[in-house]
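Engineer: Sharing run16.txt, compact mmCIF, C-alpha atoms:
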# COMPACT_ATOMS: atom_id res chain seq x y z
CA MET K 251 -18.04 -201.25 -28.93
CA ARG K 252 -18.25 -200.10 -32.52
CA SER K 253 -15.18 -197.84 -32.15
CA ALA K 254 -13.17 -200.74 -30.70
CA THR K 255 -14.13 -202.88 -33.68
CA LEU K 256 -13.09 -200.09 -36.04
CA LEU K 257 -9.79 -199.71 -34.23
CA ARG K 258 -9.15 -203.45 -34.43
CA GLY K 259 -9.99 -203.40 -38.14
CA SER K 260 -7.70 -200.45 -38.77
CA ALA K 261 -4.88 -202.10 -36.86
CA MET K 262 -5.29 -205.31 -38.85
CA ALA K 263 -5.34 -203.38 -42.13
CA ALA K 264 -2.20 -201.47 -41.14
CA ALA K 265 -0.48 -204.71 -40.16
CA ALA K 266 -1.43 -206.26 -43.50
CA VAL K 267 -0.02 -203.25 -45.37
CA LEU K 268 3.21 -203.41 -43.37
CA PHE K 269 3.46 -207.13 -44.03
CA MET K 270 3.02 -206.61 -47.80
CA LEU K 271 5.62 -203.82 -47.81
CA ALA K 272 8.09 -205.99 -45.91
CA LEU K 273 7.41 -208.93 -48.24
CA GLY K 274 7.95 -206.71 -51.28
CA TRP K 275 11.24 -205.40 -49.84
CA TRP K 276 12.42 -208.95 -49.08
CA GLN K 277 11.53 -210.16 -52.60
CA ASN K 278 13.36 -207.21 -54.16
CA GLN K 279 16.41 -207.90 -52.01
CA ASP K 280 16.30 -211.56 -53.02
CA ARG K 281 16.01 -210.64 -56.72
CA ASP K 282 18.89 -208.17 -56.39
CA GLN K 283 21.08 -210.84 -54.81
CA GLN K 284 20.15 -213.36 -57.51
CA ALA K 285 20.92 -210.83 -60.25
CA ALA K 286 24.29 -210.03 -58.66
CA SER K 287 25.15 -213.72 -58.59
CA VAL K 288 24.60 -214.17 -62.35
CA LEU K 289 26.13 -210.93 -63.63
CA PRO K 290 29.79 -211.09 -64.67
CA LEU K 291 32.28 -209.90 -62.08
CA PRO K 292 34.03 -206.59 -62.69
CA ILE K 293 37.27 -207.29 -64.54
CA ASP K 294 39.41 -206.18 -61.59
CA ARG K 295 37.81 -208.95 -59.49
CA MET K 296 38.53 -211.71 -62.00
CA SER K 297 41.56 -213.95 -61.67
CA PHE K 298 43.13 -216.01 -64.44
CA SER K 299 46.31 -216.24 -66.51
CA LEU K 300 46.07 -217.23 -70.18
CA THR K 301 48.24 -217.06 -73.29
CA ASP K 302 47.44 -215.16 -76.47
CA GLN K 303 48.14 -216.29 -80.03
CA SER K 304 51.55 -214.61 -79.92
CA GLY K 305 52.62 -216.44 -76.77
CA ASN K 306 52.13 -213.49 -74.40
CA THR K 307 50.68 -214.00 -70.91
CA VAL K 308 47.41 -212.12 -70.41
CA GLN K 309 45.67 -211.45 -67.10
CA PRO K 310 42.45 -209.51 -66.45
CA GLU K 311 44.26 -206.45 -65.11
CA ASP K 312 45.91 -206.07 -68.54
CA TRP K 313 42.50 -205.09 -69.93
CA LEU K 314 41.84 -202.24 -67.51
CA GLY K 315 41.95 -198.77 -69.02
CA ARG K 316 40.33 -199.91 -72.27
CA PRO K 317 36.78 -201.10 -73.01
CA THR K 318 36.64 -204.87 -73.44
CA MET K 319 34.58 -207.24 -75.60
CA VAL K 320 34.87 -210.97 -74.84
CA PHE K 321 33.45 -214.06 -76.52
CA PHE K 322 33.90 -217.73 -75.57
CA GLY K 323 34.36 -220.27 -78.36
CA PHE K 324 36.68 -222.79 -80.00
CA THR K 325 38.29 -223.27 -83.39
CA TRP K 326 36.52 -226.56 -84.18
CA CYS K 327 33.13 -224.91 -83.66
CA PRO K 328 30.99 -225.63 -86.74
CA ASP K 329 28.69 -222.61 -86.81
CA ILE K 330 28.15 -220.40 -83.72
CA CYS K 331 31.79 -219.32 -83.35
CA PRO K 332 32.58 -218.43 -86.97
CA THR K 333 29.22 -216.67 -87.27
CA THR K 334 29.81 -214.64 -84.10
CA LEU K 335 33.41 -213.80 -85.06
CA SER K 336 32.17 -212.62 -88.46
CA ASP K 337 29.55 -210.50 -86.69
CA ILE K 338 32.21 -209.05 -84.37
CA SER K 339 34.41 -208.26 -87.38
CA ASN K 340 31.50 -206.43 -89.02
CA TRP K 341 30.71 -204.50 -85.82
CA LEU K 342 34.34 -203.41 -85.47
CA ASP K 343 34.37 -202.34 -89.10
CA GLU K 344 31.16 -200.35 -88.64
CA ILE K 345 32.50 -198.60 -85.54
CA GLY K 346 35.76 -197.78 -87.33
CA PRO K 347 38.90 -196.36 -85.67
CA ASP K 348 37.16 -196.02 -82.29
CA ALA K 349 37.16 -199.82 -82.09
CA ASP K 350 40.97 -199.71 -81.98
CA ARG K 351 40.58 -198.61 -78.35
CA MET K 352 38.96 -201.92 -77.37
CA ASN K 353 40.30 -205.19 -76.10
CA THR K 354 38.45 -207.64 -78.36
CA VAL K 355 39.03 -211.20 -77.21
CA LEU K 356 38.06 -214.80 -77.98
CA ILE K 357 38.70 -217.12 -75.03
CA SER K 358 38.93 -220.75 -76.13
CA VAL K 359 37.00 -223.34 -74.13
CA ASP K 360 38.90 -226.16 -75.90
CA PRO K 361 42.48 -225.98 -74.64
CA GLU K 362 43.16 -229.58 -75.76
CA ARG K 363 43.08 -228.53 -79.41
CA ASP K 364 43.41 -224.75 -79.34
CA THR K 365 47.09 -223.97 -78.94
CA PRO K 366 48.23 -220.36 -79.43
CA GLU K 367 49.39 -221.28 -82.96
CA VAL K 368 46.03 -222.86 -83.84
CA LEU K 369 44.20 -219.81 -82.48
CA GLY K 370 46.43 -217.45 -84.46
CA ASP K 371 45.81 -219.32 -87.69
CA TYR K 372 42.06 -219.45 -87.06
CA LEU K 373 41.73 -215.77 -86.16
CA SER K 374 43.63 -214.71 -89.28
CA ASN K 375 40.28 -215.20 -91.05
CA PHE K 376 38.67 -212.39 -89.06
CA ASP K 377 39.32 -208.80 -88.03
CA PRO K 378 42.96 -208.46 -86.88
CA ARG K 379 41.83 -206.61 -83.76
CA ILE K 380 40.43 -209.86 -82.35
CA ASN K 381 42.89 -211.60 -80.03
CA GLY K 382 42.67 -215.23 -78.91
CA LEU K 383 43.43 -216.64 -75.47
CA THR K 384 44.00 -220.23 -74.40
CA GLY K 385 45.73 -222.00 -71.54
CA PRO K 386 45.42 -224.77 -68.95
CA LEU K 387 41.90 -226.00 -68.27
CA PRO K 388 41.83 -224.74 -64.63
CA GLN K 389 42.65 -221.21 -65.85
CA ILE K 390 39.93 -221.40 -68.53
CA GLU K 391 37.50 -222.53 -65.83
CA GLN K 392 38.47 -219.55 -63.67
CA ALA K 393 37.90 -217.17 -66.57
CA VAL K 394 34.53 -218.72 -67.38
CA ALA K 395 33.48 -218.49 -63.72
CA GLY K 396 34.36 -214.80 -63.57
CA PHE K 397 32.15 -214.08 -66.56
CA ARG K 398 29.36 -216.25 -65.08
CA ALA K 399 29.48 -218.18 -68.34
CA SER K 400 29.49 -221.95 -68.87
CA PHE K 401 30.93 -224.66 -71.09
CA ARG K 402 31.07 -228.45 -71.23
CA LYS K 403 32.68 -231.14 -73.33
CA VAL K 404 30.21 -233.22 -75.32
CA PRO K 405 31.45 -236.66 -76.51
CA ARG K 406 30.64 -237.81 -80.03
CA ASP K 407 30.80 -241.17 -81.76
CA GLY K 408 34.26 -242.42 -82.63
CA GLY K 409 36.00 -240.72 -79.70
CA ASP K 410 35.50 -237.20 -81.09
CA TYR K 411 33.93 -234.39 -79.09
CA THR K 412 32.49 -230.91 -79.39
CA MET K 413 31.97 -228.11 -76.86
CA ASP K 414 28.78 -226.50 -75.59
CA HIS K 415 29.38 -222.95 -74.36
CA THR K 416 27.81 -219.59 -73.63
CA ALA K 417 27.36 -217.83 -76.96
CA GLY K 418 26.83 -214.21 -75.86
CA VAL K 419 29.40 -211.43 -76.31
CA PHE K 420 30.33 -209.66 -73.05
CA LEU K 421 30.95 -205.89 -72.93
CA PHE K 422 32.82 -203.96 -70.23
CA ASP K 423 33.77 -200.29 -69.92
CA ALA K 424 37.32 -199.02 -69.51
CA ASP K 425 37.06 -199.35 -65.72
CA GLY K 426 36.20 -203.03 -66.09
CA ARG K 427 32.53 -202.72 -65.15
CA PHE K 428 30.04 -204.93 -66.95
CA VAL K 429 27.99 -202.93 -69.46
CA SER K 430 25.91 -205.36 -71.48
CA ILE K 431 25.77 -208.62 -73.36
CA ILE K 432 25.12 -209.06 -77.07
CA ASP K 433 23.05 -212.14 -77.75
CA TYR K 434 23.85 -214.65 -80.46
CA HIS K 435 22.53 -213.41 -83.82
CA GLU K 436 21.55 -210.02 -82.36
CA ASP K 437 20.95 -207.49 -85.11
CA SER K 438 23.77 -204.98 -85.62
CA ARG K 439 21.21 -202.17 -85.16
CA TYR K 440 21.18 -203.14 -81.48
CA ALA K 441 24.66 -204.65 -81.09
CA VAL K 442 26.66 -201.66 -82.33
CA PRO K 443 25.01 -199.13 -79.96
CA LYS K 444 25.82 -201.46 -77.05
CA ILE K 445 29.48 -201.44 -78.09
CA ARG K 446 29.46 -197.67 -78.46
CA ARG K 447 28.04 -197.44 -74.93
CA ALA K 448 31.01 -199.47 -73.63
CA LEU K 449 33.34 -197.13 -75.51
CA GLU K 450 31.89 -193.98 -73.90
Before we go any further, please render this structure as C-alpha cells.
Structural biologist:
Amino acid sequence: MRSATLLRGSAMAAAAVLFMLALGWWQNQDRDQQAASVLPLPIDRMSFSLTDQSGNTVQPEDWLGRPTMVFFGFTWCPDICPTTLSDISNWLDEIGPDADRMNTVLISVDPERDTPEVLGDYLSNFDPRINGLTGPLPQIEQAVAGFRASFRKVPRDGGDYTMDHTAGVFLFDADGRFVSIIDYHEDSRYAVPKIRRALE
C-alpha cells in the first residue's frame, strides 16, 4: 500500500515537472515570436521606393553590401530631429573614414512638406554623408512598417501640425541584418561601439 502511494506521488511529481518544462518552452516560444514581430525586418525583406535629395530613386536593395544607419524624422521637427542629426554627425566624425562605408539615411515622415529640395537644404547643416529620403505617403508607410517603427500626424491650432515618430537610430550590417538600435540621447560612449559593430 505504501509503495503504491509512493509510486503515485512520484508519478504526480514527474507529471508536474513535465508540465512546468512544457509551460516554460511554450512561454519561450511565445516570447521569441513576439520579439520577432517587433524587430526590424532584414533589409532584403523590406519593400519601398523613395527619392533622395538629389532626385534619385532609392530602394532597400540599394543598401545591401554596406552597413546602414537609418533615422526617421522631418525637417519641421523642433528638437528631436536636429539633436539626433547632430549626434549622428558627431558619431560619424568620431568614427572617421570608416564611416564612409555606411549608408546613413534620414527617412522623412512628413512627405507633405519634405520635398527632395527641402531635405537637401535641411541636411546641408549636418554631416554630408547623411542622405535624406522622401516620397509618397504609402511608400513612407511601407518603409516605416519594415523597420517596425511608427509615426502619426498631430494637428495643432490654426491648421498647423507636427509629427510624432520613432526616435531611435537603426543599425544594420552589410548583409542587411538588424544589429542594434541607438536610443534617443544615448551617450556616444555606447552609440559609437554599436556603429562599429555594424561596420565589422
Engineer: Go through K:Ser438, K:Asn375, K:Thr384, K:Ser304 one by one, measure the shortest atom-to-atom distance of each to Val359 (chain K) using all atoms listed in the file, and give the residue with the smallest value.
Structural biologist: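 The answer is K:Thr384, which sits nearest to Val359 (chain K).
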Engineer: Just how far from CA of Tyr434 (chain K) is CA of Gly409 (chain K), in Å to one decimal?
Structural biologist: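 Between CA of Gly409 (chain K) and CA of Tyr434 (chain K) the gap works out to 28.8 Å.
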Engineer: Nearest to Thr307 (chain K) among K:Met319, K:Val368, K:Leu342, K:Leu383, with distances taken over only C-alpha atoms: which residue is it?
Structural biologist: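 Of K:Met319, K:Val368, K:Leu342, K:Leu383, the one nearest Thr307 (chain K) is K:Leu383, counting only C-alpha atoms.
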Engineer: Let me make sure I understand: among K:Ser430, K:Thr412, K:Ser339, K:Gln392, which one has the smallest atom-to-atom distance to Met296 (chain K) if we use all atoms listed in the file?
Structural biologist: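 Once distances to Met296 (chain K) are computed over all atoms listed in the file, the minimum belongs to K:Gln392.
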Engineer: When distances are computed from all atoms listed in the file, which of K:Ser400, K:Ser336, K:Thr301, K:Thr354 shows the smallest separation from Pro317 (chain K)?
Structural biologist: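 The shortest atom-to-atom distance to Pro317 (chain K) comes from K:Thr354.
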Engineer: Pick the closest to Arg446 (chain K) from K:Ser297, K:Asn306, K:Ser358, K:Thr318: which is it, counting only C-alpha atoms?
Structural biologist: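 Ranking K:Ser297, K:Asn306, K:Ser358, K:Thr318 by distance to Arg446 (chain K), first place goes to K:Thr318.
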Engineer: Show me the residues close to (23.7, -207.8, -76.6) - anything with an atom within 9 Å, counting only C-alpha atoms - and format the list as a list in words.
Structural biologist: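 Residues with an atom at most 9 Å from (23.7, -207.8, -76.6): Gly418, Val419, Phe420, Leu421, Ser430, Ile431, Ile432, Asp433, Tyr434, Glu436, Asp437, Tyr440, Ala441, Val442, Lys444 and Ile445 of chain K.
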Engineer: Calculated over only C-alpha atoms, which of the candidates K:Val308, K:Cys327, K:Val429, K:Leu387 has the smallest distance to Glu362 (chain K)?
Structural biologist: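 Looking at the shortest contact to Glu362 (chain K), the residue is K:Leu387.
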Engineer: For the point (38.1, -196.8, -81.7) in the file's frame, write as a list in words all residues with an atom no more than 12 Å away, counting only C-alpha atoms.
Structural biologist: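 With a cut-off of 12 Å, the residues come to Arg316, Pro317, Thr318, Trp341, Leu342, Asp343, Glu344, Ile345, Gly346, Pro347, Asp348, Ala349, Asp350, Arg351, Met352, Asn353, Thr354, Arg379, Ile445, Arg446, Ala448, Leu449 and Glu450 of chain K.
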Engineer: For CA of Ile380 (chain K) and CA of Phe322 (chain K), quote the distance in Å rounded to one decimal.
Structural biologist: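 For CA of Ile380 (chain K) relative to CA of Phe322 (chain K), the distance reads 12.3 Å.
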Engineer: Can you pull out every residue within 10 Å of Ile357 (chain K), counting all atoms listed in the file, but drop anything in the same chain fewer than 4 positions away, and send it as a PyMOL selection string?
Structural biologist: chain K and resi 300-302+320-324+361+364+369+381-385+390+393-394
Engineer: Could you list, as a PyMOL selection string, every residue within 6 Å of Gly370 (chain K), counting all atoms listed in the file and ignoring same-chain residues fewer than 3 positions away?
Structural biologist: chain K and resi 303+367+373
Engineer: As an exercise, work out the distance from CA of Ser299 (chain K) to CA of Gly426 (chain K) in Å and give it to one decimal place.
Structural biologist: 16.6 Å
